[in-house]
>>> print(open('model.cif').read())   # mmCIF, C-alpha atoms
data_input
#
loop_
_atom_site.group_PDB
_atom_site.id
_atom_site.type_symbol
_atom_site.label_atom_id
_atom_site.label_comp_id
_atom_site.auth_asym_id
_atom_site.auth_seq_id
_atom_site.Cartn_x
_atom_site.Cartn_y
_atom_site.Cartn_z
ATOM 1 C CA MET G 1 0.000 0.000 0.000
ATOM 2 C CA LYS G 2 1.381 3.401 -0.953
ATOM 3 C CA ASN G 3 1.674 6.113 1.701
ATOM 4 C CA SER G 4 -0.879 8.241 -0.184
ATOM 5 C CA GLU G 5 -3.436 5.397 0.015
ATOM 6 C CA ILE G 6 -3.358 5.237 3.806
ATOM 7 C CA PRO G 7 -6.344 7.131 5.250
ATOM 8 C CA SER G 8 -5.673 10.350 7.106
ATOM 9 C CA PRO G 9 -5.705 9.932 10.874
ATOM 10 C CA GLN G 10 -8.667 11.282 12.732
ATOM 11 C CA PRO G 11 -8.709 12.137 16.457
ATOM 12 C CA ASN G 12 -11.007 9.175 17.177
ATOM 13 C CA LEU G 13 -8.616 6.578 15.694
ATOM 14 C CA VAL G 14 -6.836 4.358 18.188
ATOM 15 C CA GLY G 15 -3.297 5.455 18.951
ATOM 16 C CA TRP G 16 -3.492 9.131 17.937
ATOM 17 C CA GLU G 17 -3.307 11.674 20.771
ATOM 18 C CA HIS G 18 -3.628 15.452 20.900
ATOM 19 C CA ILE G 19 -0.253 17.112 20.295
ATOM 20 C CA SER G 20 -0.363 18.811 23.710
ATOM 21 C CA SER G 21 0.290 15.423 25.333
ATOM 22 C CA ALA G 22 3.331 14.614 23.154
ATOM 23 C CA PRO G 23 6.759 14.281 24.778
ATOM 24 C CA ARG G 24 8.944 17.358 24.494
ATOM 25 C CA ASP G 25 12.156 15.722 25.644
ATOM 26 C CA GLY G 26 13.710 15.197 22.203
ATOM 27 C CA SER G 27 12.046 11.828 21.593
ATOM 28 C CA GLU G 28 11.073 11.177 17.989
ATOM 29 C CA VAL G 29 7.382 10.463 17.473
ATOM 30 C CA LEU G 30 4.990 10.256 14.554
ATOM 31 C CA VAL G 31 3.011 13.489 14.099
ATOM 32 C CA TRP G 32 0.072 14.449 11.887
ATOM 33 C CA ASN G 33 -0.288 18.028 10.659
ATOM 34 C CA GLY G 34 -3.576 17.806 8.776
ATOM 35 C CA ARG G 35 -1.829 16.977 5.509
ATOM 36 C CA SER G 36 0.680 14.216 6.171
ATOM 37 C CA ARG G 37 2.546 12.184 8.772
ATOM 38 C CA HIS G 38 6.088 13.046 9.830
ATOM 39 C CA VAL G 39 8.687 11.598 12.155
ATOM 40 C CA ALA G 40 9.587 14.565 14.332
ATOM 41 C CA HIS G 41 10.721 15.767 17.731
ATOM 42 C CA TYR G 42 10.061 18.975 19.631
ATOM 43 C CA ASP G 43 12.941 21.452 19.455
ATOM 44 C CA ARG G 44 12.942 23.511 22.657
ATOM 45 C CA VAL G 45 15.298 26.139 21.204
ATOM 46 C CA GLU G 46 13.107 26.780 18.146
ATOM 47 C CA SER G 47 9.853 26.042 20.039
ATOM 48 C CA GLU G 48 8.532 23.943 17.164
ATOM 49 C CA TRP G 49 8.249 20.392 15.867
ATOM 50 C CA VAL G 50 11.085 19.529 13.502
ATOM 51 C CA SER G 51 11.905 16.551 11.307
ATOM 52 C CA PRO G 52 15.194 14.675 11.673
ATOM 53 C CA TYR G 53 16.129 15.857 8.180
ATOM 54 C CA ARG G 54 18.360 18.885 7.840
ATOM 55 C CA THR G 55 19.176 21.595 5.418
ATOM 56 C CA THR G 56 22.783 22.718 5.509
ATOM 57 C CA THR G 57 21.991 25.117 8.349
ATOM 58 C CA LYS G 58 19.070 23.765 10.367
ATOM 59 C CA ARG G 59 16.434 21.099 10.811
ATOM 60 C CA LEU G 60 13.220 21.355 8.841
ATOM 61 C CA PRO G 61 10.131 22.458 10.794
ATOM 62 C CA VAL G 62 6.907 20.494 10.359
ATOM 63 C CA THR G 63 4.401 22.833 8.710
ATOM 64 C CA PRO G 64 1.584 23.321 9.222
ATOM 65 C CA LYS G 65 1.972 22.670 12.927
ATOM 66 C CA PRO G 66 1.106 19.140 14.064
ATOM 67 C CA THR G 67 -2.207 18.505 15.787
ATOM 68 C CA LEU G 68 -1.910 14.779 16.623
ATOM 69 C CA TRP G 69 0.864 12.367 17.543
ATOM 70 C CA GLN G 70 1.621 8.725 18.362
ATOM 71 C CA PRO G 71 4.687 6.801 19.552
#
>>> encode(input="model.cif", output="structure tokens")
Amino acid sequence: MKNSEIPSPQPNLVGWEHISSAPRDGSEVLVWNGRSRHVAHYDRVESEWVSPYRTTTKRLPVTPKPTLWQP
């Protein structure tokens, strides 16, 4: 199954939690931003969710901001 064929997560699906309950200790989690899923962690310095991928100068923020997460 292709990634685009997987249904979008909804808040009532098992395993997805509101982003406010996500760990902010640098742990990588799966986040949903209303468009797609991303592996990300919360960057306390930037105060935003960022992917593990980098440009030459910084990590890429997840935009729009995530609303749901799961381990």
>>> atom_distance(input="model.cif", atom1="atom CA of Val31 of chain G", atom2="atom CA of Gln70 of chain G")
6.5 Å
>>> atom_distance(input="model.cif", atom1="atom CA of Pro71 of chain G", atom2="atom CA of Arg59 of chain G")
20.5 Å
>>> resolve_selection(input="model.cif", expression="the PyMOL selection byres ((chain G and resi 38-53) around 10)", output="compact mmCIF listing (two decimals) with C-alpha atoms, in the frame of the given file")
# COMPACT_ATOMS: atom_id res chain seq x y z
CA ALA G 22 3.33 14.61 23.15
CA PRO G 23 6.76 14.28 24.78
CA ARG G 24 8.94 17.36 24.49
CA ASP G 25 12.16 15.72 25.64
CA GLY G 26 13.71 15.20 22.20
CA SER G 27 12.05 11.83 21.59
CA GLU G 28 11.07 11.18 17.99
CA VAL G 29 7.38 10.46 17.47
CA LEU G 30 4.99 10.26 14.55
CA VAL G 31 3.01 13.49 14.10
CA TRP G 32 0.07 14.45 11.89
CA ASN G 33 -0.29 18.03 10.66
CA ARG G 35 -1.83 16.98 5.51
CA SER G 36 0.68 14.22 6.17
CA ARG G 37 2.55 12.18 8.77
CA ARG G 54 18.36 18.89 7.84
CA THR G 55 19.18 21.60 5.42
CA THR G 56 22.78 22.72 5.51
CA LYS G 58 19.07 23.76 10.37
CA ARG G 59 16.43 21.10 10.81
CA LEU G 60 13.22 21.36 8.84
CA PRO G 61 10.13 22.46 10.79
CA VAL G 62 6.91 20.49 10.36
CA THR G 63 4.40 22.83 8.71
CA PRO G 64 1.58 23.32 9.22
CA LYS G 65 1.97 22.67 12.93
CA PRO G 66 1.11 19.14 14.06
CA TRP G 69 0.86 12.37 17.54
CA GLN G 70 1.62 8.72 18.36
CA PRO G 71 4.69 6.80 19.55
